[in-house]
file upload.tsv (TSV, C-alpha atoms)
chain	number	residue	atom	x	y	z
A	1011	MET	CA	9.71	-3.79	-16.80
A	1012	PRO	CA	7.98	-4.69	-13.53
A	1013	LEU	CA	4.76	-2.96	-12.59
A	1014	ILE	CA	4.10	-3.35	-8.87
A	1015	GLU	CA	0.66	-2.34	-7.62
A	1016	VAL	CA	-0.14	-2.18	-3.90
A	1017	SER	CA	-3.44	-1.40	-2.21
A	1018	ILE	CA	-3.11	-0.18	1.35
A	1019	ALA	CA	-5.50	1.38	3.82
A	1020	ARG	CA	-5.18	5.16	3.94
A	1021	GLY	CA	-3.36	6.53	6.95
A	1022	ARG	CA	0.37	6.02	6.40
A	1023	SER	CA	2.72	8.98	6.55
A	1024	PRO	CA	4.51	10.18	3.41
A	1025	GLU	CA	7.72	8.82	4.92
A	1026	GLN	CA	6.18	5.37	5.40
A	1027	LEU	CA	4.89	5.32	1.83
A	1028	ARG	CA	8.29	6.44	0.51
A	1029	SER	CA	9.94	3.64	2.49
A	1030	LEU	CA	7.49	1.12	1.04
A	1031	ILE	CA	8.24	2.33	-2.49
A	1032	ASN	CA	11.97	2.02	-1.86
A	1033	GLU	CA	11.65	-1.51	-0.45
A	1034	LEU	CA	9.50	-2.62	-3.40
A	1035	HIS	CA	12.04	-1.27	-5.87
A	1036	GLN	CA	14.86	-3.05	-4.03
A	1037	ALA	CA	12.87	-6.32	-3.96
A	1038	ALA	CA	12.28	-6.15	-7.73
A	1039	GLU	CA	15.99	-5.51	-8.33
A	1040	LYS	CA	17.00	-8.43	-6.12
A	1041	ALA	CA	14.34	-10.92	-7.20
A	1042	VAL	CA	14.28	-10.42	-10.96
A	1043	GLY	CA	17.18	-8.12	-11.74
A	1044	ALA	CA	14.86	-5.23	-12.56
A	1045	VAL	CA	16.44	-1.95	-13.53
A	1046	PRO	CA	15.12	0.85	-11.25
A	1047	GLU	CA	14.42	3.14	-14.22
A	1048	ASN	CA	12.18	0.46	-15.70
A	1049	THR	CA	10.27	-0.36	-12.51
A	1050	THR	CA	6.93	1.29	-11.78
A	1051	VAL	CA	5.30	1.23	-8.34
A	1052	ILE	CA	1.70	2.31	-7.86
A	1053	ILE	CA	0.30	2.66	-4.36
A	1054	ARG	CA	-3.45	2.95	-4.04
A	1055	GLU	CA	-4.64	4.26	-0.69
A	1056	ILE	CA	-8.10	2.96	0.09
A	1057	GLU	CA	-10.48	4.77	2.40
A	1058	HIS	CA	-11.37	2.78	5.52
A	1059	GLU	CA	-15.04	2.84	4.53
A	1060	HIS	CA	-14.20	1.19	1.19
A	1061	TRP	CA	-12.20	-1.79	2.50
A	1062	SER	CA	-13.88	-4.72	4.18
A	1063	ARG	CA	-13.00	-8.16	5.42
A	1064	GLY	CA	-15.47	-10.53	6.98
A	1065	ASN	CA	-18.31	-8.16	6.00
A	1066	ARG	CA	-16.95	-5.37	8.24
A	1067	THR	CA	-15.14	-2.32	6.95
A	1068	ILE	CA	-11.95	-1.08	8.56
A	1069	ALA	CA	-13.93	1.97	9.72
A	1070	GLU	CA	-16.50	-0.30	11.43
A	1071	ARG	CA	-13.77	-2.36	13.10
A	1072	ASN	CA	-11.97	0.79	14.27
A	1073	ALA	CA	-15.21	2.25	15.66
A	1074	ALA	CA	-15.99	-0.99	17.51
A	1075	ALA	CA	-12.47	-1.03	19.00
A	1076	THR	CA	-12.89	2.46	20.48
A	1077	ASN	CA	-16.25	1.72	22.11

call {"tool": "encode", "arguments": {"input": "upload.tsv", "output": "structure tokens"}}
result
Amino acid sequence: MPLIEVSIARGRSPEQLRSLINELHQAAEKAVGAVPENTTVIIREIEHEHWSRGNRTIAERNAAATN
């Protein structure tokens, strides 16, 4: 019973998120023989102000890129 959790920056379309869910389900089936009905996928969308790398948030990097 795989539980797949993904954190991703907010901003993807519903279609992109649905595609990601589908691909994760297929990967679990292929890699470990998971049954789709027993596979759970959780996608957490993180606000750009709440995600940082190198002490700069995504929001800060985006703002710097537009200036």

call {"tool": "atom_distance", "arguments": {"input": "upload.tsv", "atom1": "atom CA of Glu1047 of chain A", "atom2": "atom CA of Ser1017 of chain A"}}
result
22.0 Å

call {"tool": "residues_near_point", "arguments": {"input": "upload.tsv", "point": "(10.8, -4.3, -8.9)", "cutoff": "10 Å", "atoms": "all atoms listed in the file", "output": "PyMOL selection string"}}
result
chain A and resi 1011-1014+1031-1051

call {"tool": "atom_distance", "arguments": {"input": "upload.tsv", "atom1": "atom CA of Ile1018 of chain A", "atom2": "atom CA of Glu1055 of chain A"}}
result
5.1 Å

call {"tool": "atom_distance", "arguments": {"input": "upload.tsv", "atom1": "atom CA of Trp1061 of chain A", "atom2": "atom CA of Ala1019 of chain A"}}
result
7.5 Å

call {"tool": "closest_residue", "arguments": {"input": "upload.tsv", "among": "A:Glu1070, A:Ser1029, A:Asn1065, A:Arg1054", "to": "Val1016 of chain A", "atoms": "only C-alpha atoms"}}
result
A:Arg1054

call {"tool": "decode", "arguments": {"input": "upload.tsv", "residues": "segment 1064-1076 of chain A", "atoms": "all heavy atoms", "output": "compact mmCIF listing (two decimals), in the first residue's frame"}}
result
# COMPACT_ATOMS: atom_id res chain seq x y z
N GLY A 1064 18.77 28.18 -0.48
CA GLY A 1064 19.86 29.16 -0.44
C GLY A 1064 19.46 30.46 0.24
O GLY A 1064 19.91 31.53 -0.14
N ASN A 1065 18.57 30.36 1.23
CA ASN A 1065 18.10 31.50 2.02
C ASN A 1065 17.33 32.53 1.19
O ASN A 1065 17.28 33.69 1.54
CB ASN A 1065 19.26 32.16 2.78
CG ASN A 1065 18.75 32.99 3.95
OD1 ASN A 1065 17.68 32.71 4.49
ND2 ASN A 1065 19.50 34.00 4.33
N ARG A 1066 16.76 32.10 0.07
CA ARG A 1066 15.89 32.97 -0.74
C ARG A 1066 14.64 32.19 -1.09
O ARG A 1066 14.71 31.06 -1.56
CB ARG A 1066 16.60 33.41 -2.03
CG ARG A 1066 17.76 34.35 -1.76
CD ARG A 1066 18.42 34.81 -3.02
NE ARG A 1066 17.51 35.62 -3.82
CZ ARG A 1066 17.67 35.86 -5.11
NH1 ARG A 1066 18.68 35.36 -5.77
NH2 ARG A 1066 16.81 36.61 -5.77
N THR A 1067 13.49 32.81 -0.86
CA THR A 1067 12.24 32.13 -1.20
C THR A 1067 12.03 32.16 -2.71
O THR A 1067 12.67 32.95 -3.43
CB THR A 1067 11.04 32.80 -0.53
OG1 THR A 1067 10.86 34.10 -1.07
CG2 THR A 1067 11.20 32.86 1.00
N ILE A 1068 11.14 31.32 -3.17
CA ILE A 1068 10.79 31.33 -4.59
C ILE A 1068 10.24 32.70 -4.96
O ILE A 1068 10.57 33.24 -6.02
CB ILE A 1068 9.76 30.22 -4.91
CG1 ILE A 1068 10.40 28.85 -4.74
CG2 ILE A 1068 9.19 30.39 -6.31
CD1 ILE A 1068 9.41 27.70 -4.85
N ALA A 1069 9.43 33.28 -4.09
CA ALA A 1069 8.85 34.61 -4.34
C ALA A 1069 9.97 35.65 -4.50
O ALA A 1069 9.91 36.50 -5.40
CB ALA A 1069 7.90 35.01 -3.22
N GLU A 1070 10.98 35.58 -3.65
CA GLU A 1070 12.11 36.54 -3.75
C GLU A 1070 12.88 36.33 -5.04
O GLU A 1070 13.26 37.30 -5.71
CB GLU A 1070 13.03 36.40 -2.54
CG GLU A 1070 12.39 36.87 -1.25
CD GLU A 1070 13.15 36.44 -0.01
OE1 GLU A 1070 13.91 35.43 -0.05
OE2 GLU A 1070 12.99 37.13 1.02
N ARG A 1071 13.10 35.07 -5.42
CA ARG A 1071 13.83 34.81 -6.67
C ARG A 1071 13.02 35.27 -7.87
O ARG A 1071 13.57 35.87 -8.81
CB ARG A 1071 14.15 33.31 -6.79
CG ARG A 1071 15.24 32.86 -5.83
CD ARG A 1071 15.84 31.51 -6.18
NE ARG A 1071 14.87 30.47 -6.49
CZ ARG A 1071 14.38 29.60 -5.59
NH1 ARG A 1071 14.78 29.65 -4.34
NH2 ARG A 1071 13.51 28.69 -5.95
N ASN A 1072 11.71 35.02 -7.84
CA ASN A 1072 10.85 35.47 -8.94
C ASN A 1072 10.84 36.99 -9.06
O ASN A 1072 10.88 37.55 -10.16
CB ASN A 1072 9.42 34.95 -8.77
CG ASN A 1072 9.31 33.47 -9.00
OD1 ASN A 1072 10.21 32.83 -9.56
ND2 ASN A 1072 8.20 32.89 -8.57
N ALA A 1073 10.77 37.67 -7.92
CA ALA A 1073 10.76 39.15 -7.92
C ALA A 1073 12.07 39.68 -8.46
O ALA A 1073 12.09 40.64 -9.25
CB ALA A 1073 10.51 39.67 -6.51
N ALA A 1074 13.18 39.07 -8.08
CA ALA A 1074 14.50 39.52 -8.56
C ALA A 1074 14.62 39.29 -10.07
O ALA A 1074 15.26 40.09 -10.76
CB ALA A 1074 15.61 38.79 -7.82
N ALA A 1075 14.02 38.24 -10.57
CA ALA A 1075 14.10 37.92 -12.01
C ALA A 1075 13.32 38.90 -12.87
O ALA A 1075 13.65 39.09 -14.04
CB ALA A 1075 13.62 36.50 -12.26
N THR A 1076 12.28 39.52 -12.30
CA THR A 1076 11.47 40.46 -13.07
C THR A 1076 11.97 41.90 -12.99
O THR A 1076 11.45 42.76 -13.67
CB THR A 1076 9.98 40.41 -12.62
OG1 THR A 1076 9.91 40.78 -11.25
CG2 THR A 1076 9.40 39.04 -12.85
